[in-house]
>>> print(open('entry-v4.csv').read())   # CSV, C-alpha atoms
chain,number,residue,atom,x,y,z
A,1,MET,CA,-57.7,30.0,-38.2
A,2,ARG,CA,-60.0,31.2,-35.4
A,3,THR,CA,-58.7,29.9,-32.1
A,4,TYR,CA,-55.6,30.6,-30.0
A,5,ARG,CA,-54.9,26.9,-29.9
A,6,GLU,CA,-54.7,26.7,-33.7
A,7,LEU,CA,-52.4,29.7,-33.7
A,8,PHE,CA,-49.9,28.4,-31.1
A,9,ARG,CA,-49.9,25.0,-32.9
A,10,THR,CA,-48.5,26.8,-35.9
A,11,PRO,CA,-44.7,26.0,-36.2
A,12,GLU,CA,-42.5,28.8,-35.0
A,13,PHE,CA,-45.3,31.1,-33.8
A,14,THR,CA,-44.4,30.3,-30.1
A,15,PRO,CA,-40.7,31.4,-30.3
A,16,PHE,CA,-41.7,34.4,-32.4
A,17,PHE,CA,-44.4,35.3,-29.8
A,18,ALA,CA,-41.8,35.0,-27.0
A,19,ALA,CA,-39.2,37.1,-28.7
A,20,VAL,CA,-41.7,39.9,-29.4
A,21,SER,CA,-43.0,39.8,-25.9
A,22,VAL,CA,-39.6,40.1,-24.3
A,23,GLN,CA,-38.6,42.9,-26.7
A,24,THR,CA,-41.8,44.8,-25.7
A,25,ALA,CA,-40.9,44.4,-22.1
A,26,ALA,CA,-37.5,45.8,-22.8
A,27,GLN,CA,-38.8,48.8,-24.7
A,28,THR,CA,-41.3,49.5,-22.0
A,29,THR,CA,-38.8,49.3,-19.2
A,30,THR,CA,-36.1,51.4,-20.9
A,31,GLY,CA,-38.6,54.0,-22.1
A,32,LEU,CA,-40.0,54.6,-18.6
A,33,ALA,CA,-36.6,54.7,-17.1
A,34,LEU,CA,-35.2,57.2,-19.6
A,35,GLY,CA,-38.3,59.4,-19.4
A,36,THR,CA,-38.0,59.5,-15.6
A,37,LEU,CA,-34.2,60.1,-15.8
A,38,VAL,CA,-34.7,63.1,-18.2
A,39,TYR,CA,-37.6,64.6,-16.2
A,40,THR,CA,-35.6,64.3,-13.0
A,41,ARG,CA,-32.6,66.1,-14.6
A,42,THR,CA,-34.6,68.8,-16.4
A,43,GLY,CA,-38.1,69.1,-14.9
A,44,SER,CA,-39.3,69.6,-18.5
A,45,PRO,CA,-42.5,67.9,-19.7
A,46,LEU,CA,-41.4,68.4,-23.3
A,47,LEU,CA,-38.0,66.8,-22.9
A,48,SER,CA,-39.4,64.0,-20.8
A,49,ALA,CA,-42.0,63.2,-23.6
A,50,LEU,CA,-39.3,63.3,-26.3
A,51,ALA,CA,-37.0,61.1,-24.2
A,52,MET,CA,-39.7,58.4,-24.2
A,53,PHE,CA,-40.9,58.8,-27.8
A,54,GLY,CA,-38.1,60.5,-29.6
A,55,PRO,CA,-37.0,57.3,-31.3
A,56,SER,CA,-40.5,57.2,-32.8
A,57,LEU,CA,-40.0,60.6,-34.4
A,58,ALA,CA,-36.7,59.4,-35.9
A,59,GLN,CA,-38.7,56.7,-37.8
A,60,VAL,CA,-39.4,59.3,-40.4
A,61,ALA,CA,-35.7,59.3,-41.5
A,62,GLY,CA,-35.6,55.5,-41.5
A,63,ALA,CA,-38.9,55.2,-43.4
A,64,LEU,CA,-37.5,57.4,-46.2
A,65,THR,CA,-34.2,55.7,-46.5
A,66,LEU,CA,-34.0,52.2,-44.9
A,67,LEU,CA,-37.4,50.7,-45.3
A,68,SER,CA,-36.7,48.6,-48.4
A,69,ALA,CA,-34.6,46.4,-46.0
A,70,ALA,CA,-37.8,45.0,-44.5
A,71,ASP,CA,-38.3,42.7,-47.5
A,72,ARG,CA,-34.7,42.4,-48.6
A,73,LEU,CA,-32.9,41.2,-45.5
A,74,PRO,CA,-33.1,37.7,-43.9
A,75,PRO,CA,-35.7,38.2,-41.2
A,76,ARG,CA,-34.0,36.2,-38.4
A,77,ALA,CA,-30.7,37.9,-38.8
A,78,ALA,CA,-32.2,41.4,-39.1
A,79,LEU,CA,-34.3,41.0,-35.9
A,80,THR,CA,-31.4,39.6,-33.9
A,81,ALA,CA,-29.1,42.4,-34.9
A,82,LEU,CA,-31.7,45.1,-34.1
A,83,ALA,CA,-32.3,43.6,-30.6
A,84,LEU,CA,-28.6,43.6,-29.9
A,85,PHE,CA,-28.2,47.1,-31.2
A,86,SER,CA,-31.0,48.3,-28.9
A,87,ALA,CA,-29.3,46.6,-25.9
A,88,GLY,CA,-26.1,48.4,-26.6
A,89,ALA,CA,-27.9,51.8,-26.9
A,90,ALA,CA,-29.6,51.2,-23.5
A,91,CYS,CA,-26.2,50.6,-22.0
A,92,VAL,CA,-24.9,53.8,-23.4
A,93,GLN,CA,-27.9,55.7,-22.0
A,94,ALA,CA,-27.1,54.3,-18.5
A,95,VAL,CA,-23.6,55.9,-18.5
A,96,PRO,CA,-23.4,58.3,-15.5
A,97,GLY,CA,-22.8,61.9,-16.6
A,98,LEU,CA,-23.9,61.3,-20.2
A,99,PRO,CA,-24.6,64.8,-21.7
A,100,LEU,CA,-28.3,65.4,-22.5
A,101,TRP,CA,-27.5,66.1,-26.2
A,102,ALA,CA,-25.6,62.8,-26.4
A,103,ALA,CA,-28.6,60.9,-24.9
A,104,PHE,CA,-30.9,62.3,-27.5
A,105,ALA,CA,-28.4,61.6,-30.3
A,106,VAL,CA,-28.4,58.0,-29.3
A,107,LEU,CA,-32.2,58.0,-29.3
A,108,LEU,CA,-32.2,59.4,-32.9
A,109,VAL,CA,-29.8,56.8,-34.1
A,110,VAL,CA,-31.7,54.0,-32.5
A,111,GLY,CA,-35.0,55.2,-34.0
A,112,THR,CA,-33.6,55.5,-37.5
A,113,ALA,CA,-31.8,52.2,-37.5
A,114,SER,CA,-34.9,50.4,-36.0
A,115,SER,CA,-37.3,51.7,-38.7
A,116,PRO,CA,-37.3,48.5,-40.8
A,117,GLY,CA,-37.9,46.4,-37.6
A,118,GLY,CA,-41.7,46.6,-37.7
A,119,GLY,CA,-41.8,45.6,-41.4
A,120,VAL,CA,-39.4,42.7,-40.8
A,121,ARG,CA,-41.3,41.5,-37.8
A,122,TYR,CA,-44.8,41.7,-39.1
A,123,GLY,CA,-43.8,40.6,-42.6
A,124,LEU,CA,-42.4,37.5,-40.9
A,125,LEU,CA,-45.7,37.0,-39.0
A,126,ASN,CA,-47.4,37.0,-42.4
A,127,GLU,CA,-45.1,34.1,-43.5
A,128,ILE,CA,-45.4,32.1,-40.2
A,129,VAL,CA,-49.2,32.1,-40.1
A,130,PRO,CA,-51.7,31.6,-43.0
A,131,ARG,CA,-53.0,34.9,-44.5
A,132,GLU,CA,-56.4,34.4,-43.0
A,133,GLY,CA,-54.7,34.0,-39.6
A,134,PHE,CA,-52.9,37.4,-39.7
A,135,LEU,CA,-55.5,39.4,-37.8
A,136,LEU,CA,-55.7,36.7,-35.0
A,137,GLY,CA,-51.9,36.5,-34.8
A,138,ARG,CA,-51.5,40.3,-34.8
A,139,SER,CA,-54.2,40.6,-32.1
A,140,VAL,CA,-52.3,38.1,-30.0
A,141,LEU,CA,-49.1,40.1,-30.4
A,142,ASN,CA,-51.0,43.3,-29.5
A,143,MET,CA,-52.5,41.5,-26.5
A,144,THR,CA,-49.1,40.3,-25.2
A,145,GLY,CA,-47.8,43.8,-25.9
A,146,GLY,CA,-50.5,45.2,-23.6
A,147,ALA,CA,-49.7,42.5,-21.0
A,148,MET,CA,-46.0,43.2,-21.2
A,149,GLN,CA,-46.6,46.9,-20.9
A,150,ILE,CA,-48.8,46.4,-17.9
A,151,CYS,CA,-46.0,44.4,-16.3
A,152,GLY,CA,-43.2,46.5,-17.8
A,153,PHE,CA,-44.6,49.8,-16.5
A,154,ALA,CA,-45.7,48.4,-13.1
A,155,VAL,CA,-42.4,46.6,-12.6
A,156,GLY,CA,-40.4,49.3,-14.3
A,157,GLY,CA,-41.7,51.9,-11.9
A,158,LEU,CA,-40.7,49.6,-9.0
A,159,LEU,CA,-37.3,49.0,-10.6
A,160,VAL,CA,-36.7,52.7,-11.0
A,161,THR,CA,-37.4,53.2,-7.3
A,162,VAL,CA,-35.2,50.3,-6.1
A,163,PHE,CA,-32.4,50.3,-8.6
A,164,SER,CA,-32.6,53.9,-10.0
A,165,ALA,CA,-33.3,54.9,-13.6
A,166,ARG,CA,-29.8,54.0,-14.8
A,167,GLY,CA,-30.0,50.5,-13.2
A,168,THR,CA,-33.4,50.0,-14.9
A,169,LEU,CA,-31.8,50.9,-18.2
A,170,LEU,CA,-29.3,48.1,-17.7
A,171,ILE,CA,-32.0,45.6,-16.9
A,172,GLY,CA,-33.8,46.6,-20.1
A,173,ALA,CA,-30.6,46.0,-22.0
A,174,GLY,CA,-30.5,42.5,-20.6
A,175,LEU,CA,-34.0,41.9,-21.8
A,176,TYR,CA,-33.0,43.0,-25.3
A,177,VAL,CA,-30.2,40.4,-25.2
A,178,VAL,CA,-32.8,37.7,-24.2
A,179,ALA,CA,-35.0,38.7,-27.1
A,180,ALA,CA,-32.1,38.4,-29.5
A,181,ALA,CA,-31.2,34.9,-28.2
A,182,VAL,CA,-34.8,33.7,-28.6
A,183,THR,CA,-34.9,35.1,-32.1
A,184,ARG,CA,-31.6,33.6,-33.2
A,185,PHE,CA,-32.2,30.1,-31.7
A,186,GLY,CA,-35.9,29.8,-32.0
A,187,LEU,CA,-36.6,30.8,-35.5
A,188,THR,CA,-35.7,29.3,-38.8
A,189,ALA,CA,-33.4,31.1,-41.2
A,190,ARG,CA,-35.5,32.4,-44.1
A,191,PRO,CA,-34.4,34.1,-47.3
A,192,PRO,CA,-35.5,37.7,-48.0
A,193,ARG,CA,-39.1,38.1,-49.3
A,194,ALA,CA,-37.9,40.2,-52.3
A,195,THR,CA,-34.8,40.2,-54.5
A,196,GLY,CA,-32.3,43.0,-54.8
A,197,ARG,CA,-30.3,45.0,-52.3
A,198,PRO,CA,-31.8,47.5,-49.9
A,199,SER,CA,-31.3,51.0,-51.0
A,200,VAL,CA,-32.6,54.5,-50.6
A,201,ARG,CA,-33.8,54.5,-54.2
A,202,GLU,CA,-35.7,51.3,-53.8
A,203,THR,CA,-37.2,52.4,-50.5
A,204,ARG,CA,-38.6,55.6,-52.1
A,205,ARG,CA,-39.8,53.8,-55.2
A,206,THR,CA,-41.8,51.2,-53.2
A,207,ASN,CA,-43.1,53.8,-50.8
A,208,ALA,CA,-44.4,55.8,-53.8
A,209,LEU,CA,-46.0,52.7,-55.2
A,210,LEU,CA,-47.7,51.9,-51.9
A,211,TRP,CA,-48.8,55.5,-51.5
A,212,SER,CA,-50.2,55.7,-55.0
A,213,SER,CA,-53.4,53.8,-54.1
A,214,THR,CA,-56.1,56.1,-52.7
A,215,PRO,CA,-57.6,53.4,-50.5
A,216,ARG,CA,-54.2,52.6,-49.0
A,217,ARG,CA,-53.5,56.3,-48.4
A,218,TYR,CA,-56.6,56.6,-46.2
A,219,VAL,CA,-55.7,53.5,-44.3
A,220,PHE,CA,-52.1,54.7,-43.7
A,221,LEU,CA,-53.3,58.1,-42.5
A,222,ALA,CA,-55.9,56.6,-40.2
A,223,LEU,CA,-53.2,54.4,-38.7
A,224,TRP,CA,-50.7,57.2,-38.3
A,225,VAL,CA,-52.3,60.5,-37.3
A,226,PRO,CA,-55.1,59.8,-34.7
A,227,ASN,CA,-53.0,57.2,-32.9
A,228,GLY,CA,-49.9,59.4,-32.8
A,229,LEU,CA,-51.8,62.3,-31.3
A,230,VAL,CA,-53.3,60.0,-28.6
A,231,VAL,CA,-49.8,58.7,-27.8
A,232,GLY,CA,-48.8,62.3,-27.4
A,233,ALA,CA,-51.3,62.5,-24.6
A,234,GLU,CA,-49.8,59.4,-23.1
A,235,SER,CA,-46.4,61.0,-23.2
A,236,LEU,CA,-47.5,63.5,-20.6
A,237,TYR,CA,-48.4,60.9,-17.9
A,238,VAL,CA,-45.0,61.5,-16.1
A,239,ALA,CA,-45.6,65.3,-16.0
A,240,TYR,CA,-49.3,65.0,-15.1
A,241,ALA,CA,-48.9,62.5,-12.3
A,242,PRO,CA,-45.1,62.0,-11.5
A,243,GLY,CA,-45.7,59.5,-8.8
A,244,TYR,CA,-48.3,57.5,-10.6
A,245,ALA,CA,-47.2,57.6,-14.3
A,246,GLY,CA,-46.6,53.8,-14.2
A,247,LEU,CA,-50.1,53.2,-13.0
A,248,LEU,CA,-51.6,55.3,-15.9
A,249,PHE,CA,-49.4,53.5,-18.4
A,250,ALA,CA,-50.5,50.2,-17.0
A,251,GLY,CA,-54.1,51.2,-17.2
A,252,GLY,CA,-53.6,52.1,-20.9
A,253,ALA,CA,-52.1,48.8,-21.6
A,254,LEU,CA,-55.0,47.1,-19.8
A,255,GLY,CA,-57.5,48.9,-22.0
A,256,MET,CA,-55.5,48.0,-25.1
A,257,LEU,CA,-55.4,44.3,-24.0
A,258,ALA,CA,-59.2,44.3,-23.6
A,259,GLY,CA,-59.8,45.9,-27.0
A,260,ASP,CA,-57.5,43.5,-28.8
A,261,THR,CA,-59.0,40.5,-27.1
A,262,LEU,CA,-62.5,41.6,-28.1
A,263,VAL,CA,-61.7,42.3,-31.8
A,264,GLY,CA,-59.1,39.7,-32.4
A,265,ARG,CA,-60.8,36.7,-30.9
A,266,PHE,CA,-64.5,37.4,-30.6
A,267,VAL,CA,-65.5,39.8,-33.4
A,268,THR,CA,-65.1,37.4,-36.3
A,269,HIS,CA,-68.0,38.4,-38.6
A,270,PRO,CA,-67.1,41.0,-41.3
A,271,GLU,CA,-70.3,43.0,-40.7
A,272,TRP,CA,-69.5,43.5,-37.0
A,273,ARG,CA,-66.0,44.4,-37.8
A,274,ALA,CA,-67.3,47.0,-40.2
A,275,ARG,CA,-69.7,48.4,-37.6
A,276,LEU,CA,-67.0,48.6,-34.9
A,277,GLY,CA,-64.4,50.4,-36.9
A,278,ALA,CA,-65.7,54.0,-36.7
A,279,PRO,CA,-66.7,53.9,-33.0
A,280,LEU,CA,-63.4,52.4,-32.0
A,281,ARG,CA,-61.5,55.1,-33.8
A,282,LEU,CA,-63.5,57.8,-32.0
A,283,LEU,CA,-63.2,56.0,-28.6
A,284,LEU,CA,-59.4,56.2,-28.9
A,285,ALA,CA,-59.3,59.9,-28.2
A,286,ALA,CA,-62.7,61.1,-26.9
A,287,PRO,CA,-62.2,60.1,-23.2
A,288,TYR,CA,-59.0,62.2,-23.1
A,289,LEU,CA,-61.1,65.4,-23.5
A,290,LEU,CA,-61.9,64.9,-19.9
A,291,PHE,CA,-58.4,66.0,-19.0
A,292,ALA,CA,-59.4,69.6,-19.8
A,293,LEU,CA,-60.9,69.5,-16.3
A,294,SER,CA,-57.7,68.1,-14.6
A,295,PRO,CA,-59.5,65.0,-13.2
A,296,GLU,CA,-58.2,63.3,-10.0
A,297,LEU,CA,-56.3,60.1,-10.4
A,298,PRO,CA,-59.2,57.6,-10.2
A,299,LEU,CA,-61.2,59.4,-12.9
A,300,ALA,CA,-58.1,60.0,-15.0
A,301,LEU,CA,-57.2,56.3,-14.8
A,302,ALA,CA,-60.7,55.3,-15.9
A,303,ALA,CA,-60.6,57.6,-18.9
A,304,VAL,CA,-57.2,56.2,-19.9
A,305,VAL,CA,-58.4,52.6,-19.7
A,306,LEU,CA,-61.6,53.3,-21.7
A,307,ALA,CA,-59.7,55.3,-24.4
A,308,SER,CA,-57.1,52.6,-24.9
A,309,VAL,CA,-59.8,50.0,-25.9
A,310,GLY,CA,-60.0,52.1,-29.1
A,311,PHE,CA,-56.5,51.0,-30.1
A,312,ALA,CA,-58.1,47.9,-31.4
A,313,ALA,CA,-59.2,49.9,-34.5
A,314,SER,CA,-55.6,49.5,-35.7
A,315,LEU,CA,-56.1,45.7,-36.0
A,316,LEU,CA,-59.0,46.3,-38.4
A,317,LEU,CA,-57.0,48.9,-40.4
A,318,GLN,CA,-54.0,46.6,-40.7
A,319,GLU,CA,-56.2,43.7,-41.9
A,320,ARG,CA,-57.6,46.0,-44.6
A,321,LEU,CA,-54.0,47.2,-45.5
A,322,MET,CA,-53.0,43.5,-46.1
A,323,ALA,CA,-56.0,43.0,-48.3
A,324,LEU,CA,-54.9,46.0,-50.4
A,325,THR,CA,-51.2,45.0,-50.7
A,326,PRO,CA,-49.4,42.4,-52.8
A,327,GLN,CA,-47.6,39.7,-50.8
A,328,GLU,CA,-44.2,40.7,-52.0
A,329,LEU,CA,-44.7,44.2,-50.7
A,330,SER,CA,-46.3,43.2,-47.4
A,331,GLY,CA,-43.1,43.7,-45.4
A,332,GLN,CA,-42.5,47.3,-46.6
A,333,ALA,CA,-46.3,48.1,-46.3
A,334,LEU,CA,-46.3,47.0,-42.7
A,335,GLY,CA,-43.0,48.7,-42.1
A,336,LEU,CA,-44.3,51.9,-43.6
A,337,SER,CA,-47.4,51.5,-41.4
A,338,SER,CA,-45.3,50.9,-38.3
A,339,SER,CA,-42.7,53.6,-39.0
A,340,GLY,CA,-45.5,56.1,-39.8
A,341,MET,CA,-47.3,55.3,-36.6
A,342,LEU,CA,-44.1,55.6,-34.5
A,343,ALA,CA,-43.1,58.8,-36.3
A,344,MET,CA,-46.5,60.3,-35.6
A,345,GLN,CA,-46.2,59.2,-32.0
A,346,GLY,CA,-43.0,61.3,-31.8
A,347,VAL,CA,-44.8,64.2,-33.5
A,348,GLY,CA,-47.7,63.8,-31.0
A,349,ALA,CA,-45.3,63.8,-28.1
A,350,ALA,CA,-43.6,66.9,-29.4
A,351,VAL,CA,-46.9,68.7,-29.9
A,352,ALA,CA,-48.4,67.6,-26.6
A,353,GLY,CA,-45.2,68.5,-24.8
A,354,GLY,CA,-45.0,71.9,-26.4
A,355,ILE,CA,-48.5,72.7,-25.4
A,356,ALA,CA,-47.9,71.5,-21.9
A,357,GLN,CA,-44.8,73.6,-21.6
A,358,LEU,CA,-46.8,76.7,-22.4
A,359,THR,CA,-49.9,75.8,-20.4
A,360,SER,CA,-50.2,72.6,-18.3
A,361,PRO,CA,-49.9,68.8,-18.9
A,362,ALA,CA,-53.7,68.4,-18.6
A,363,THR,CA,-54.3,71.1,-21.2
A,364,GLY,CA,-51.8,69.5,-23.5
A,365,MET,CA,-53.5,66.1,-23.2
A,366,ALA,CA,-56.9,67.5,-23.9
A,367,ALA,CA,-55.7,69.5,-26.9
A,368,VAL,CA,-54.1,66.7,-28.7
A,369,ALA,CA,-57.2,64.5,-28.0
A,370,GLY,CA,-59.3,67.1,-29.7
A,371,LEU,CA,-57.0,67.2,-32.7
A,372,SER,CA,-57.2,63.4,-32.9
A,373,VAL,CA,-61.0,63.4,-32.9
A,374,ALA,CA,-61.0,66.1,-35.6
A,375,VAL,CA,-58.6,64.1,-37.9
A,376,THR,CA,-60.7,60.9,-37.3
A,377,LEU,CA,-63.8,62.6,-38.4
A,378,ALA,CA,-62.1,64.2,-41.5
A,379,LEU,CA,-60.8,60.7,-42.6
A,380,ALA,CA,-64.1,58.9,-42.1
A,381,PRO,CA,-65.5,59.5,-45.7
A,382,GLY,CA,-62.4,58.0,-47.3
A,383,LEU,CA,-62.6,54.9,-45.1
A,384,ARG,CA,-66.1,54.1,-46.2
A,385,ASP,CA,-66.3,50.8,-48.2
A,386,ARG,CA,-67.6,52.3,-51.4
A,387,SER,CA,-67.0,49.2,-53.4
A,388,GLY,CA,-68.6,47.0,-50.8
A,389,GLY,CA,-71.6,49.3,-50.5
A,390,VAL,CA,-72.1,49.6,-54.3
A,391,GLY,CA,-72.3,46.3,-56.1
A,392,GLY,CA,-70.8,44.1,-53.4
A,393,ARG,CA,-67.2,44.3,-54.5
A,394,LEU,CA,-64.1,44.1,-52.4
A,395,PRO,CA,-60.7,45.7,-53.1
A,396,VAL,CA,-57.7,43.7,-54.1
A,397,ALA,CA,-54.0,44.4,-53.7
A,398,ASP,CA,-53.8,47.1,-56.3
A,399,GLY,CA,-56.8,48.9,-54.9
A,400,SER,CA,-59.2,47.8,-57.7
A,401,PRO,CA,-62.4,45.9,-56.9
A,402,ARG,CA,-63.1,42.3,-57.2
A,403,ALA,CA,-66.3,40.3,-56.9
A,404,SER,CA,-67.6,39.3,-53.5
A,405,ARG,CA,-70.3,36.8,-52.6
A,406,THR,CA,-71.7,39.0,-49.8
A,407,PRO,CA,-72.4,42.7,-50.4
A,408,ARG,CA,-71.4,45.0,-47.5
A,409,THR,CA,-72.9,48.4,-46.8
A,410,GLU,CA,-71.4,49.3,-43.5
A,411,GLU,CA,-68.4,51.6,-43.1
A,412,THR,CA,-65.3,49.4,-42.8
A,413,THR,CA,-61.8,49.9,-41.7
>>> encode(input="entry-v4.csv", output="structure tokens")
Amino acid sequence: MRTYRELFRTPEFTPFFAAVSVQTAAQTTTGLALGTLVYTRTGSPLLSALAMFGPSLAQVAGALTLLSAADRLPPRAALTALALFSAGAACVQAVPGLPLWAAFAVLLVVGTASSPGGGVRYGLLNEIVPREGFLLGRSVLNMTGGAMQICGFAVGGLLVTVFSARGTLLIGAGLYVVAAAVTRFGLTARPPRATGRPSVRETRRTNALLWSSTPRRYVFLALWVPNGLVVGAESLYVAYAPGYAGLLFAGGALGMLAGDTLVGRFVTHPEWRARLGAPLRLLLAAPYLLFALSPELPLALAAVVLASVGFAASLLLQERLMALTPQELSGQALGLSSSGMLAMQGVGAAVAGGIAQLTSPATGMAAVAGLSVAVTLALAPGLRDRSGGVGGRLPVADGSPRASRTPRTEETT
């Protein structure tokens, strides 16, 4: 499967695509509205960053307790329920006079409850499309996510101006309801991928199994830490340029869209994917170092767009993760990947916000970018395809090598 036409001819991909797109628009709109609302009330870069990315930090709790549900709940029912739950939470956040502590409590509950969502969603994608079509399908979802973020942040900024932050939260809640309806009526009911009931014990057992493979550990860390730190830089857009945060977010989404299009559709040869992995991982953070000079808006926007192209490295890492993971654990592996990424985004937002609180938003952005570059360089040796470079062998689901017809010597993600 190499073309978009083949992908959209796949039964159920179109409604799945539509549901994910609408949900992304809802998350973008409500996140920007809540970040703006908190910053207006408090003037705090830290609290504003946590308001936008606090649910991501709560993914840690969900990943440790609820993640086994990703493979043990019917996908359609689980995704429908999560969308409706998010709609209700957005309505609560829009209540006038809601205490700040209550707003953050709602964020934590939403983040924890939503932690299996990534695993359910992308595990379902793994069932809808053939295994060889996963990267193309994932890239299309990333691309539409970028497009929805461009629209969501641009339109969200306008909605906040016209309807206020609370009114925009209610509009986001309506979008969540639409996503739930598309999921419920557009997808087929499927049984869970794995038997047994979700439990804390099963979540921890499977997480330990997934973590036990050294190749998978490096992939998980490369997906989680550098990306999370860069999102920490993004969380300071509101504080860095209060009147133009939506433009910076839209620029980042545009760069992400360009990178995902390039890698998902046009870079199909394994050797080129191997060559692109390391440069993309560095590109993700390096342009943000420019913020140490507090650039004016045009230069800042250019740096954001360029850096966001590097998010395409995640596609290559996710493809490798699927090659290293058995089918029956794919949902929890993708859920662990998603929850870890979101949790590190929350950590990145907290770190960046804390630095900005003590110094300035520009310094905070440059500092977490430097940390991201350092982590990427530290992980690079563990992401080398040792098996492919020595004897032409590729890893299988348990992390052991298998024979390959074409030896590879390049660094791969």
>>> residues_around(input="entry-v4.csv", residues="A:Val263", least_positions_apart="3", cutoff="10 Å", atoms="all atoms listed in the file", output="list of chain:residue names")
A:Leu135, A:Leu136, A:Ser139, A:Ala258, A:Gly259, A:Asp260, A:Phe266, A:Val267, A:Thr268, A:Trp272, A:Arg273, A:Leu276, A:Gly277, A:Val309, A:Ala312, A:Ala313, A:Leu315, A:Leu316
>>> atom_distance(input="entry-v4.csv", atom1="atom CA of A:Cys91", atom2="atom CA of A:Phe104")
13.8 Å
>>> atom_distance(input="entry-v4.csv", atom1="atom CA of A:Gly382", atom2="atom CA of A:Val219")
8.6 Å
>>> residues_around(input="entry-v4.csv", residues="A:Ile171", least_positions_apart="6", cutoff="10 Å", atoms="only C-alpha atoms", output="list in words")
Ala26, Thr29, Thr30, Ala87, Ala90, Cys91, Gly156, Leu159, Phe163, Ala165 and Val177 of chain A
>>> residues_around(input="entry-v4.csv", residues="stretch 110-123 of chain A", least_positions_apart="3", cutoff="9 Å", atoms="all atoms listed in the file", output="PyMOL selection string")
chain A and resi 16+20+54-63+66-71+73-76+78-79+82+85-86+89+105-107+126-128+138+193+329-339+342
>>> atom_distance(input="entry-v4.csv", atom1="atom CA of A:Leu321", atom2="atom CA of A:Val182")
28.9 Å
>>> residues_near_point(input="entry-v4.csv", point="(-51.6, 60.5, -22.9)", cutoff="12 Å", atoms="only C-alpha atoms", output="PyMOL selection string")
chain A and resi 49+53+227-241+245+248-253+284-291+300-301+303-305+307-308+345+348-349+351-353+356+361-369+372
>>> build_atoms(input="entry-v4.csv", residues="stretch 55-66 of chain A", atoms="N, CA, C and O atoms", output="tab-separated table (two decimals), in the coordinates of the input")
chain	number	residue	atom	x	y	z
A	55	PRO	N	-37.31	58.28	-30.27
A	55	PRO	CA	-37.00	57.30	-31.30
A	55	PRO	C	-38.10	57.13	-32.33
A	55	PRO	O	-37.85	56.86	-33.50
A	56	SER	N	-39.34	57.29	-31.89
A	56	SER	CA	-40.50	57.20	-32.80
A	56	SER	C	-40.40	58.28	-33.86
A	56	SER	O	-40.68	58.05	-35.05
A	57	LEU	N	-40.06	59.50	-33.44
A	57	LEU	CA	-40.00	60.60	-34.40
A	57	LEU	C	-38.88	60.36	-35.42
A	57	LEU	O	-39.02	60.71	-36.59
A	58	ALA	N	-37.79	59.71	-35.01
A	58	ALA	CA	-36.70	59.40	-35.90
A	58	ALA	C	-37.08	58.37	-36.97
A	58	ALA	O	-36.35	58.18	-37.95
A	59	GLN	N	-38.21	57.70	-36.78
A	59	GLN	CA	-38.70	56.70	-37.80
A	59	GLN	C	-38.90	57.36	-39.13
A	59	GLN	O	-38.86	56.66	-40.15
A	60	VAL	N	-39.15	58.66	-39.16
A	60	VAL	CA	-39.40	59.30	-40.40
A	60	VAL	C	-38.14	59.17	-41.32
A	60	VAL	O	-38.24	58.81	-42.50
A	61	ALA	N	-36.96	59.43	-40.76
A	61	ALA	CA	-35.70	59.30	-41.50
A	61	ALA	C	-35.52	57.88	-42.02
A	61	ALA	O	-35.16	57.63	-43.17
A	62	GLY	N	-35.75	56.92	-41.13
A	62	GLY	CA	-35.60	55.50	-41.50
A	62	GLY	C	-36.60	55.09	-42.57
A	62	GLY	O	-36.27	54.32	-43.48
A	63	ALA	N	-37.84	55.57	-42.45
A	63	ALA	CA	-38.90	55.20	-43.40
A	63	ALA	C	-38.56	55.69	-44.80
A	63	ALA	O	-38.93	55.07	-45.80
A	64	LEU	N	-37.86	56.81	-44.89
A	64	LEU	CA	-37.50	57.40	-46.20
A	64	LEU	C	-36.26	56.80	-46.80
A	64	LEU	O	-36.01	56.98	-48.00
A	65	THR	N	-35.45	56.11	-46.00
A	65	THR	CA	-34.20	55.70	-46.50
A	65	THR	C	-33.89	54.16	-46.34
A	65	THR	O	-33.22	53.55	-47.18
A	66	LEU	N	-34.39	53.54	-45.28
A	66	LEU	CA	-34.00	52.20	-44.90
A	66	LEU	C	-35.09	51.14	-45.08
A	66	LEU	O	-34.83	49.95	-44.90
